file query.cif (mmCIF, C-alpha atoms)
data_structure
loop_
_atom_site.label_atom_id
_atom_site.label_comp_id
_atom_site.auth_asym_id
_atom_site.auth_seq_id
_atom_site.Cartn_x
_atom_site.Cartn_y
_atom_site.Cartn_z
CA MET A 18 -18.32 -8.93 15.87
CA SER A 19 -17.98 -10.76 12.54
CA LEU A 20 -17.34 -8.66 9.42
CA LEU A 21 -17.22 -5.00 10.43
CA LEU A 22 -16.39 -3.57 7.01
CA HIS A 23 -16.92 -4.70 3.41
CA ARG A 24 -14.30 -2.72 1.54
CA ILE A 25 -13.43 -2.06 -2.10
CA ASP A 26 -9.74 -1.20 -2.29
CA ASP A 27 -7.59 -1.82 -5.35
CA ARG A 28 -4.49 -1.97 -3.17
CA LEU A 29 -6.10 -4.84 -1.22
CA ILE A 30 -3.94 -5.38 1.89
CA HIS A 31 -1.87 -2.26 2.58
CA GLY A 32 -1.15 0.34 5.26
CA GLN A 33 -4.63 1.92 5.42
CA VAL A 34 -6.24 -1.47 5.87
CA VAL A 35 -3.77 -3.11 8.25
CA VAL A 36 -2.95 -0.05 10.36
CA GLY A 37 -5.57 2.60 9.55
CA TRP A 38 -8.58 0.31 10.10
CA GLY A 39 -6.83 -2.64 11.69
CA GLN A 40 -5.76 -0.85 14.85
CA PRO A 41 -9.03 0.92 15.78
CA LEU A 42 -11.19 -2.09 14.88
CA GLY A 43 -8.88 -4.53 16.64
CA LEU A 44 -8.92 -6.63 13.46
CA ARG A 45 -8.20 -10.32 13.89
CA PHE A 46 -9.03 -11.54 10.40
CA ILE A 47 -9.26 -10.38 6.82
CA VAL A 48 -11.28 -12.16 4.14
CA LEU A 49 -9.68 -11.29 0.81
CA VAL A 50 -12.01 -12.12 -2.09
CA ASP A 51 -10.28 -12.03 -5.45
CA ASP A 52 -10.31 -14.69 -8.17
CA ASP A 53 -6.72 -14.00 -9.27
CA VAL A 54 -5.24 -13.94 -5.77
CA ALA A 55 -7.20 -17.07 -4.81
CA ALA A 56 -5.54 -18.85 -7.73
CA SER A 57 -1.96 -17.80 -6.93
CA ASP A 58 0.15 -19.03 -4.03
CA TRP A 59 2.69 -16.31 -4.77
CA GLU A 60 0.07 -13.54 -4.48
CA GLN A 61 -1.25 -15.02 -1.25
CA GLU A 62 2.21 -15.15 0.27
CA LEU A 63 2.78 -11.53 -0.76
CA TYR A 64 -0.36 -10.37 1.06
CA ARG A 65 0.31 -12.58 4.08
CA MET A 66 3.67 -10.85 4.49
CA GLY A 67 1.79 -7.58 4.88
CA VAL A 68 -0.21 -8.40 7.99
CA PRO A 69 0.80 -8.71 11.65
CA PRO A 70 1.07 -12.27 12.99
CA ASP A 71 -2.10 -11.91 15.09
CA VAL A 72 -4.27 -11.23 12.01
CA GLU A 73 -5.43 -14.22 9.93
CA VAL A 74 -5.97 -13.80 6.20
CA TYR A 75 -8.38 -16.05 4.29
CA PHE A 76 -8.38 -16.09 0.50
CA HIS A 77 -11.42 -16.91 -1.60
CA ALA A 78 -12.68 -16.74 -5.16
CA VAL A 79 -16.05 -15.00 -5.50
CA SER A 80 -17.75 -18.34 -6.20
CA ASP A 81 -16.52 -19.76 -2.84
CA MET A 82 -18.32 -17.07 -0.92
CA ALA A 83 -21.86 -18.34 -1.48
CA SER A 84 -21.13 -21.00 1.10
CA ALA A 85 -18.29 -19.32 3.05
CA ILE A 86 -19.88 -15.98 3.96
CA ASP A 87 -22.10 -17.45 6.73
CA HIS A 88 -19.04 -18.83 8.46
CA TYR A 89 -17.39 -15.40 8.53
CA ASP A 90 -20.62 -13.62 9.48
CA ARG A 91 -20.77 -15.82 12.57
CA ASP A 92 -17.10 -15.45 13.52
CA VAL A 93 -16.84 -13.83 16.95
CA ARG A 94 -13.60 -12.03 16.06
CA PRO A 95 -13.52 -8.56 14.46
CA GLY A 96 -13.00 -9.03 10.72
CA LEU A 97 -12.83 -7.13 7.46
CA LEU A 98 -13.83 -8.28 3.99
CA LEU A 99 -11.76 -6.92 1.14
CA VAL A 100 -12.20 -6.89 -2.64
CA GLY A 101 -10.13 -5.12 -5.28
CA SER A 102 -12.81 -3.76 -7.58
CA VAL A 103 -16.40 -2.60 -7.87
CA ASP A 104 -17.06 -5.49 -10.24
CA THR A 105 -15.87 -8.06 -7.70
CA MET A 106 -18.12 -6.51 -5.05
CA ARG A 107 -21.06 -6.55 -7.46
CA ARG A 108 -20.54 -10.27 -8.15
CA LEU A 109 -19.92 -10.98 -4.47
CA VAL A 110 -23.17 -9.36 -3.34
CA ASP A 111 -25.03 -11.57 -5.84
CA VAL A 112 -23.78 -14.70 -4.08
CA ALA A 113 -23.55 -13.25 -0.57
CA PRO A 114 -26.72 -11.20 0.00
CA SER A 115 -26.00 -10.84 3.74
CA ILE A 116 -23.65 -8.00 2.76
CA ARG A 117 -25.68 -4.85 3.44
CA SER A 118 -23.02 -2.15 3.38
CA VAL A 119 -20.05 -1.31 1.19
CA ASN A 120 -17.06 0.88 1.99
CA ILE A 121 -15.32 2.41 -1.03
CA GLY A 122 -11.78 2.63 0.29
CA GLY A 123 -9.70 3.19 -2.81
CA VAL A 124 -10.33 2.89 -6.54
CA HIS A 125 -7.48 4.66 -8.26
CA HIS A 126 -6.88 6.14 -11.68
CA ALA A 127 -7.07 3.91 -14.76
CA ASP A 128 -8.03 4.39 -18.38
CA GLY A 129 -11.73 5.15 -18.72
CA ARG A 130 -12.19 6.24 -15.13
CA VAL A 131 -13.26 9.72 -14.03
CA GLN A 132 -12.03 11.18 -10.74
CA ARG A 133 -14.79 11.59 -8.15
CA MET A 134 -12.74 12.02 -5.00
CA ARG A 135 -9.05 12.05 -4.12
CA TYR A 136 -9.05 8.26 -3.91
CA VAL A 137 -12.10 7.36 -6.01
CA PHE A 138 -12.00 7.12 -9.82
CA LEU A 139 -14.86 5.31 -11.56
CA THR A 140 -15.87 4.16 -15.02
CA ALA A 141 -19.46 4.63 -16.16
CA ASP A 142 -20.03 0.89 -15.64
CA GLU A 143 -18.66 1.08 -12.10
CA GLU A 144 -20.96 4.02 -11.32
CA ARG A 145 -23.94 2.08 -12.62
CA ALA A 146 -22.96 -0.97 -10.56
CA LEU A 147 -22.69 1.09 -7.37
CA ARG A 148 -26.03 2.81 -8.02
CA ALA A 149 -27.60 -0.61 -8.60
CA LEU A 150 -26.23 -1.91 -5.30
CA GLU A 151 -27.64 1.14 -3.52
CA ALA A 152 -30.99 0.61 -5.23
CA ARG A 153 -30.97 -2.91 -3.73
CA GLY A 154 -30.81 -1.33 -0.29
CA LEU A 155 -27.10 -1.52 0.45
CA ALA A 156 -25.52 1.41 2.29
CA ILE A 157 -22.66 2.65 0.13
CA THR A 158 -20.15 5.19 1.38
CA ALA A 159 -16.61 6.22 0.59
CA GLN A 160 -14.13 6.50 3.46
CA ASP A 161 -10.42 5.85 3.14
CA VAL A 162 -9.52 5.89 6.84
CA PRO A 163 -11.63 5.88 10.03
CA SER A 164 -10.75 9.46 10.97
CA THR A 165 -12.48 10.86 7.89
CA ARG A 166 -16.22 11.32 7.40
CA PRO A 167 -18.01 8.68 5.33
CA VAL A 168 -19.19 10.27 2.06
CA SER A 169 -22.50 9.13 0.59
CA LEU A 170 -22.57 7.61 -2.89
CA ALA A 171 -24.60 10.60 -4.11
CA ASP A 172 -21.87 12.97 -2.93
CA VAL A 173 -19.13 10.74 -4.37
CA LEU A 174 -20.79 10.75 -7.78
CA ALA A 175 -21.40 14.48 -7.56
CA GLY A 176 -17.64 14.86 -7.15
CA LYS A 177 -17.96 16.56 -3.76
CA PRO A 178 -14.56 17.39 -2.33
CA ASP A 179 -13.14 15.22 0.40
CA ALA A 180 -14.44 15.85 3.89
CA MET E 20 25.13 19.03 -4.77
CA SER E 21 25.98 18.38 -8.38
CA ASP E 22 23.00 18.17 -10.70
CA ASP E 23 24.24 15.01 -12.35
CA ALA E 24 24.84 13.16 -9.09
CA ALA E 25 24.09 9.50 -9.65
CA VAL E 26 20.97 8.04 -8.09
CA VAL E 27 21.89 5.16 -5.78
CA ALA E 28 18.42 4.18 -4.57
CA VAL E 29 14.70 4.88 -4.80
CA VAL E 30 12.76 6.01 -1.71
CA ALA E 31 9.00 5.34 -1.85
CA GLY E 32 6.13 5.62 0.60
CA HIS E 33 2.90 7.20 1.73
CA GLY E 34 2.15 10.90 1.35
CA ARG E 35 5.32 13.01 1.35
CA PHE E 36 7.39 10.41 3.23
CA ALA E 37 10.02 10.00 0.52
CA GLU E 38 10.26 13.69 -0.32
CA GLY E 39 10.55 14.52 3.39
CA LEU E 40 13.26 11.97 4.15
CA VAL E 41 15.26 12.99 1.12
CA SER E 42 14.92 16.69 1.95
CA ALA E 43 16.44 15.89 5.35
CA VAL E 44 19.30 13.99 3.68
CA GLU E 45 19.83 16.97 1.37
CA GLN E 46 19.94 19.42 4.27
CA ILE E 47 22.40 17.28 6.21
CA THR E 48 24.67 16.09 3.41
CA GLY E 49 23.92 18.11 0.29
CA ARG E 50 23.44 14.81 -1.51
CA GLY E 51 19.68 14.42 -1.64
CA ALA E 52 19.90 13.98 -5.41
CA ALA E 53 21.35 10.53 -4.80
CA PHE E 54 17.80 9.36 -4.11
CA ALA E 55 14.84 9.22 -6.51
CA THR E 56 11.50 9.59 -4.72
CA LEU E 57 7.99 8.24 -5.20
CA SER E 58 4.71 8.89 -3.40
CA ASN E 59 1.85 6.40 -3.61
CA SER E 60 -0.72 9.20 -3.41
CA GLY E 61 -3.47 8.68 -5.98
CA LEU E 62 -1.70 5.74 -7.62
CA ALA E 63 -3.16 2.31 -8.31
CA PRO E 64 -0.89 -0.65 -7.48
CA ALA E 65 0.11 -1.20 -11.12
CA ASP E 66 1.07 2.48 -11.40
CA ILE E 67 3.25 2.31 -8.30
CA GLU E 68 5.03 -0.75 -9.70
CA ARG E 69 5.53 0.93 -13.07
CA GLU E 70 6.85 4.14 -11.47
CA LEU E 71 9.28 2.17 -9.29
CA LEU E 72 10.58 0.28 -12.32
CA ALA E 73 10.94 3.50 -14.30
CA ARG E 74 13.09 5.02 -11.55
CA LEU E 75 15.25 1.90 -11.28
CA ASP E 76 15.67 1.67 -15.04
CA SER E 77 16.48 5.32 -15.59
CA SER E 78 19.05 5.42 -12.79
CA GLY E 79 20.54 1.94 -12.79
CA ALA E 80 19.92 1.82 -9.03
CA ARG E 81 18.68 -1.48 -7.64
CA VAL E 82 17.80 -0.63 -4.07
CA ILE E 83 14.34 0.50 -2.90
CA PHE E 84 13.66 2.00 0.53
CA THR E 85 10.02 2.06 1.70
CA ASP E 86 8.08 3.00 4.83
CA LEU E 87 5.59 0.40 6.09
CA PRO E 88 6.25 -3.32 5.60
CA ALA E 89 2.61 -3.67 4.46
CA GLY E 90 2.38 -0.40 2.53
CA SER E 91 1.39 -0.30 -1.12
CA CYS E 92 4.89 0.82 -2.14
CA THR E 93 6.37 -2.16 -0.33
CA MET E 94 3.89 -4.50 -2.00
CA ALA E 95 4.76 -2.99 -5.39
CA ALA E 96 8.47 -3.33 -4.63
CA ARG E 97 7.99 -7.03 -3.85
CA ARG E 98 6.31 -7.43 -7.24
CA VAL E 99 9.28 -5.67 -8.83
CA GLN E 100 11.57 -8.13 -7.03
CA ARG E 101 9.66 -11.07 -8.48
CA ALA E 102 10.61 -9.94 -11.99
CA ARG E 103 13.98 -8.52 -10.94
CA PRO E 104 15.46 -10.69 -8.19
CA ASP E 105 18.59 -8.52 -8.08
CA VAL E 106 16.58 -5.63 -6.60
CA VAL E 107 17.05 -5.08 -2.86
CA LEU E 108 14.18 -3.84 -0.65
CA VAL E 109 14.60 -2.12 2.73
CA THR E 110 11.36 -1.46 4.64
CA GLY E 111 10.95 0.92 7.59
CA ALA E 112 13.46 3.39 6.17
CA ASN E 113 14.61 6.39 8.17
CA VAL E 114 17.11 9.22 7.65
CA SER E 115 19.95 7.37 9.36
CA ALA E 116 19.47 4.33 7.15
CA LEU E 117 19.49 6.46 4.01
CA MET E 118 22.65 8.30 5.02
CA GLU E 119 24.43 5.09 5.95
CA PHE E 120 23.61 3.68 2.52
CA LEU E 121 24.47 6.90 0.74
CA PHE E 122 27.97 7.16 2.13
CA ALA E 123 28.69 3.50 1.59
CA ALA E 124 27.37 3.48 -1.96
CA VAL E 125 28.87 6.70 -3.26
CA SER E 126 32.53 7.55 -3.50
CA PRO E 127 33.76 11.10 -2.69
CA LEU E 128 33.71 11.84 -6.42
CA ASP E 129 29.97 11.16 -6.70
CA THR E 130 30.68 8.02 -8.66
CA PRO E 131 28.49 5.13 -7.65
CA VAL E 132 30.56 2.22 -6.49
CA GLY E 133 28.05 0.10 -8.36
CA GLY E 134 29.26 -3.34 -9.29
CA LEU E 135 32.39 -3.09 -7.18
CA VAL E 136 30.46 -3.76 -3.98
CA ASP E 137 27.60 -5.91 -2.85
CA VAL E 138 24.63 -3.50 -2.66
CA ALA E 139 22.62 -6.10 -0.75
CA ALA E 140 25.28 -6.03 1.97
CA LEU E 141 25.23 -2.23 1.98
CA ALA E 142 21.45 -2.32 2.31
CA GLN E 143 21.76 -4.74 5.24
CA SER E 144 24.17 -2.35 6.95
CA ALA E 145 21.84 0.57 6.28
CA ALA E 146 18.92 -1.34 7.80
CA ALA E 147 21.01 -2.16 10.86
CA LYS E 148 21.95 1.51 11.25
CA GLY E 149 18.31 2.54 10.94
CA ARG E 150 17.27 0.08 13.68
CA GLU E 151 20.11 1.19 15.93
CA THR E 152 19.02 4.83 15.82
CA LEU E 153 15.41 4.13 16.76
CA VAL E 154 15.58 4.74 20.51
CA ALA E 155 13.06 5.89 23.12
CA SER E 156 14.32 7.65 26.24
CA GLY E 157 13.13 9.83 29.12
CA GLY E 158 9.65 9.85 30.60
CA ALA E 159 10.55 9.90 34.31
CA THR E 160 7.41 10.01 36.45
CA SER E 161 8.89 10.75 39.88
#

call {"tool": "encode", "arguments": {"input": "query.cif", "output": "structure tokens"}}
result
Amino acid sequence: MSLLLHRIDDRLIHGQVVVGWGQPLGLRFIVLVDDDVAASDWEQELYRMGVPPDVEVYFHAVSDMASAIDHYDRDVRPGLLLVGSVDTMRRLVDVAPSIRSVNIGGVHHADGRVQRMRYVFLTADEERALRALEARGLAITAQDVPSTRPVSLADVLAGKPDA
Amino acid sequence: MSDDAAVVAVVAGHGRFAEGLVSAVEQITGRGAAFATLSNSGLAPADIERELLARLDSSGARVIFTDLPAGSCTMAARRVQRARPDVVLVTGANVSALMEFLFAAVSPLDTPVGGLVDVAALAQSAAAKGRETLVASGGATS
């Protein structure tokens, strides 16, 4: 089982993650990797309130994951790893090279970002980072919920309409 | 419905949840304008929080109804509450809950009761009404 999805989602824990993916995957744990959240008890409590009691949430800074990722990779329960930005995923993959696939689940509008899909807006730097991850052999697709078709990075960057 | 009817609460959720609930309230009561609406579609968390605050500030309302307890609107509402502890959040909203709140919060003259009553208590009553109306029945197999 272990980590079934490595997701970039700027909403972190929310309905699509807990219900949309959580139900079909039978999720039992979420690894939330975010330096700010890892440093804030208040933020952690906020996200814990959002998950059902049978789902554990573990919070880590990116730097923790060099040693922690093996533990989660070996966990027999179905799990999901969650980061809030392309940049966090880029830094995470550097310290946790066992990550071989990335799900772009939601990167929403902000200054400097260009819309690529309904739920994917990217800066030029974020595009370059995703292309670099793909060039390293990672499988990168966009998919907000399980019932939609995964969209390849090439199609995302070409601005292909949602499936 | 009078155009200048006071807004008593904000309804926020996924997709067209808020718009849909409020359109039902409007059809039933003619007082849909008592609710400001917000959809999370396409919005980053900070945008949802900002839009919630804008609706509270422009209306003077301090109650937010949302859909899922873990939804992004609910998370944003909890962040709003951190800065504004007087704000009341009701998750799992339905039409019955909204109408219960509406009639308790608004006088017959469309004047919000506002400071004269405890909106947190009204929100509690609305939540209780919403729970009460969620009922499954039927399904006989013989």

call {"tool": "interface_residues", "arguments": {"input": "query.cif", "of": "chain A", "to": "chain E", "cutoff": "7 Å", "atoms": "only C-alpha atoms", "output": "list in words"}}
result
Asp27, Arg28, His31, Gly32, Gly67, Val68, His125, His126, Arg135 and Tyr136 of chain A

call {"tool": "write_last_selection", "arguments": {"input": "query.cif", "atoms": "C-alpha atoms", "output": "mmCIF file, keeping the file's coordinate frame"}}
result
data_model
loop_
_atom_site.group_PDB
_atom_site.id
_atom_site.type_symbol
_atom_site.label_atom_id
_atom_site.label_comp_id
_atom_site.auth_asym_id
_atom_site.auth_seq_id
_atom_site.Cartn_x
_atom_site.Cartn_y
_atom_site.Cartn_z
ATOM 1 C CA ASP A 27 -7.590 -1.820 -5.350
ATOM 2 C CA ARG A 28 -4.490 -1.970 -3.170
ATOM 3 C CA HIS A 31 -1.870 -2.260 2.580
ATOM 4 C CA GLY A 32 -1.150 0.340 5.260
ATOM 5 C CA GLY A 67 1.790 -7.580 4.880
ATOM 6 C CA VAL A 68 -0.210 -8.400 7.990
ATOM 7 C CA HIS A 125 -7.480 4.660 -8.260
ATOM 8 C CA HIS A 126 -6.880 6.140 -11.680
ATOM 9 C CA ARG A 135 -9.050 12.050 -4.120
ATOM 10 C CA TYR A 136 -9.050 8.260 -3.910
#

call {"tool": "closest_residue", "arguments": {"input": "query.cif", "among": "A:Ala171, A:Ala152, A:Ile157, A:Ile47", "to": "Asp92 of chain A", "atoms": "all atoms listed in the file"}}
result
A:Ile47

call {"tool": "resolve_selection", "arguments": {"input": "query.cif", "expression": "the PyMOL selection byres ((chain A and resi 142) around 12)", "output": "VMD selection string"}}
result
chain A and resid 102 to 104 107 129 to 131 138 to 141 143 to 149

call {"tool": "residues_around", "arguments": {"input": "query.cif", "residues": "Met134 of chain A", "least_positions_apart": "6", "cutoff": "10 Å", "atoms": "all atoms listed in the file", "output": "MDAnalysis selection string"}}
result
(chainID A and resid 123:125 159 168 172:180) or (chainID E and resid 61)

call {"tool": "residues_around", "arguments": {"input": "query.cif", "residues": "segment 103-120 of chain E", "least_positions_apart": "5", "cutoff": "8 Å", "atoms": "only C-alpha atoms", "output": "MDAnalysis selection string"}}
result
chainID E and resid 40:41 43:44 81:88 93 96:97 138:139 141:142 144:149 152

call {"tool": "resolve_selection", "arguments": {"input": "query.cif", "expression": "the PyMOL selection byres ((chain A and resi 42) around 12)", "output": "number ranges by chain"}}
result
A: 18-22, 34-41, 43-47, 72, 94-97, 162-163

call {"tool": "residues_around", "arguments": {"input": "query.cif", "residues": "segment 48-56 of chain E", "least_positions_apart": "4", "cutoff": "6 Å", "atoms": "all atoms listed in the file", "output": "ChimeraX atom specification"}}
result
/E:20,25-31,37,41,44

call {"tool": "atom_distance", "arguments": {"input": "query.cif", "atom1": "atom CA of Val100 of chain A", "atom2": "atom CA of Leu150 of chain A"}}
result
15.1 Å

call {"tool": "residues_around", "arguments": {"input": "query.cif", "residues": "segment 48-58 of chain A", "least_positions_apart": "4", "cutoff": "10 Å", "atoms": "all atoms listed in the file", "output": "NGL selection string"}}
result
:A and (20 or 23-24 or 29-30 or 62-64 or 73-82 or 86 or 89 or 96-102 or 105-106 or 109)

call {"tool": "atom_distance", "arguments": {"input": "query.cif", "atom1": "atom CA of Asp26 of chain A", "atom2": "atom CA of Ile121 of chain A"}}
result
6.8 Å

call {"tool": "atom_distance", "arguments": {"input": "query.cif", "atom1": "atom CA of Gln132 of chain A", "atom2": "atom CA of Leu170 of chain A"}}
result
13.6 Å

call {"tool": "resolve_selection", "arguments": {"input": "query.cif", "expression": "the PyMOL selection byres ((chain A and resi 113) around 9)", "output": "PyMOL selection string"}}
result
chain A and resi 82-87+108-112+114-116

call {"tool": "decode", "arguments": {"input": "query.cif", "residues": "segment 117-140 of chain A", "atoms": "N, CA and C atoms", "output": "short mmCIF file (atom, residue, chain, number, x, y, z; two decimals), in the first residue's frame"}}
result
data_model
loop_
_atom_site.label_atom_id
_atom_site.label_comp_id
_atom_site.auth_asym_id
_atom_site.auth_seq_id
_atom_site.Cartn_x
_atom_site.Cartn_y
_atom_site.Cartn_z
N ARG A 117 8.30 8.90 -7.35
CA ARG A 117 8.46 8.73 -8.80
C ARG A 117 7.27 9.27 -9.59
N SER A 118 6.25 9.73 -8.89
CA SER A 118 5.10 10.28 -9.61
C SER A 118 4.54 11.46 -8.82
N VAL A 119 3.98 12.40 -9.55
CA VAL A 119 3.42 13.61 -8.95
C VAL A 119 2.03 13.87 -9.54
N ASN A 120 1.08 14.08 -8.64
CA ASN A 120 -0.28 14.45 -9.04
C ASN A 120 -0.47 15.94 -8.80
N ILE A 121 -0.76 16.68 -9.88
CA ILE A 121 -1.09 18.10 -9.71
C ILE A 121 -2.60 18.16 -9.46
N GLY A 122 -2.95 18.49 -8.22
CA GLY A 122 -4.36 18.42 -7.83
C GLY A 122 -5.04 19.77 -7.79
N GLY A 123 -4.26 20.82 -7.55
CA GLY A 123 -4.86 22.14 -7.51
C GLY A 123 -3.80 23.20 -7.23
N VAL A 124 -3.54 24.04 -8.22
CA VAL A 124 -2.65 25.19 -8.02
C VAL A 124 -3.44 26.37 -8.59
N HIS A 125 -3.97 27.19 -7.71
CA HIS A 125 -4.96 28.17 -8.15
C HIS A 125 -4.34 29.52 -8.48
N HIS A 126 -5.19 30.42 -8.92
CA HIS A 126 -4.74 31.71 -9.44
C HIS A 126 -3.95 32.50 -8.40
N ALA A 127 -2.86 33.11 -8.85
CA ALA A 127 -2.10 34.07 -8.04
C ALA A 127 -1.34 34.95 -9.01
N ASP A 128 -0.85 36.08 -8.51
CA ASP A 128 -0.11 37.00 -9.37
C ASP A 128 1.06 36.27 -10.04
N GLY A 129 1.21 36.48 -11.33
CA GLY A 129 2.33 35.89 -12.06
C GLY A 129 2.04 34.53 -12.62
N ARG A 130 0.89 33.95 -12.27
CA ARG A 130 0.55 32.63 -12.80
C ARG A 130 -0.35 32.74 -14.03
N VAL A 131 -0.16 31.79 -14.95
CA VAL A 131 -0.99 31.72 -16.15
C VAL A 131 -1.88 30.48 -16.04
N GLN A 132 -3.15 30.62 -16.43
CA GLN A 132 -4.07 29.48 -16.32
C GLN A 132 -3.76 28.45 -17.39
N ARG A 133 -3.62 27.19 -16.96
CA ARG A 133 -3.37 26.08 -17.87
C ARG A 133 -4.55 25.12 -17.93
N MET A 134 -5.23 24.97 -16.81
CA MET A 134 -6.44 24.15 -16.76
C MET A 134 -7.36 24.85 -15.76
N ARG A 135 -8.55 24.30 -15.59
CA ARG A 135 -9.52 24.90 -14.67
C ARG A 135 -8.92 25.08 -13.28
N TYR A 136 -8.11 24.11 -12.86
CA TYR A 136 -7.58 24.15 -11.50
C TYR A 136 -6.05 24.23 -11.47
N VAL A 137 -5.43 24.56 -12.60
CA VAL A 137 -3.97 24.64 -12.65
C VAL A 137 -3.54 25.99 -13.24
N PHE A 138 -2.89 26.79 -12.41
CA PHE A 138 -2.31 28.07 -12.83
C PHE A 138 -0.84 28.00 -12.43
N LEU A 139 0.07 28.36 -13.34
CA LEU A 139 1.49 28.18 -13.07
C LEU A 139 2.30 29.42 -13.46
N THR A 140 3.32 29.71 -12.66
CA THR A 140 4.31 30.71 -13.06
C THR A 140 5.30 30.04 -14.00
#
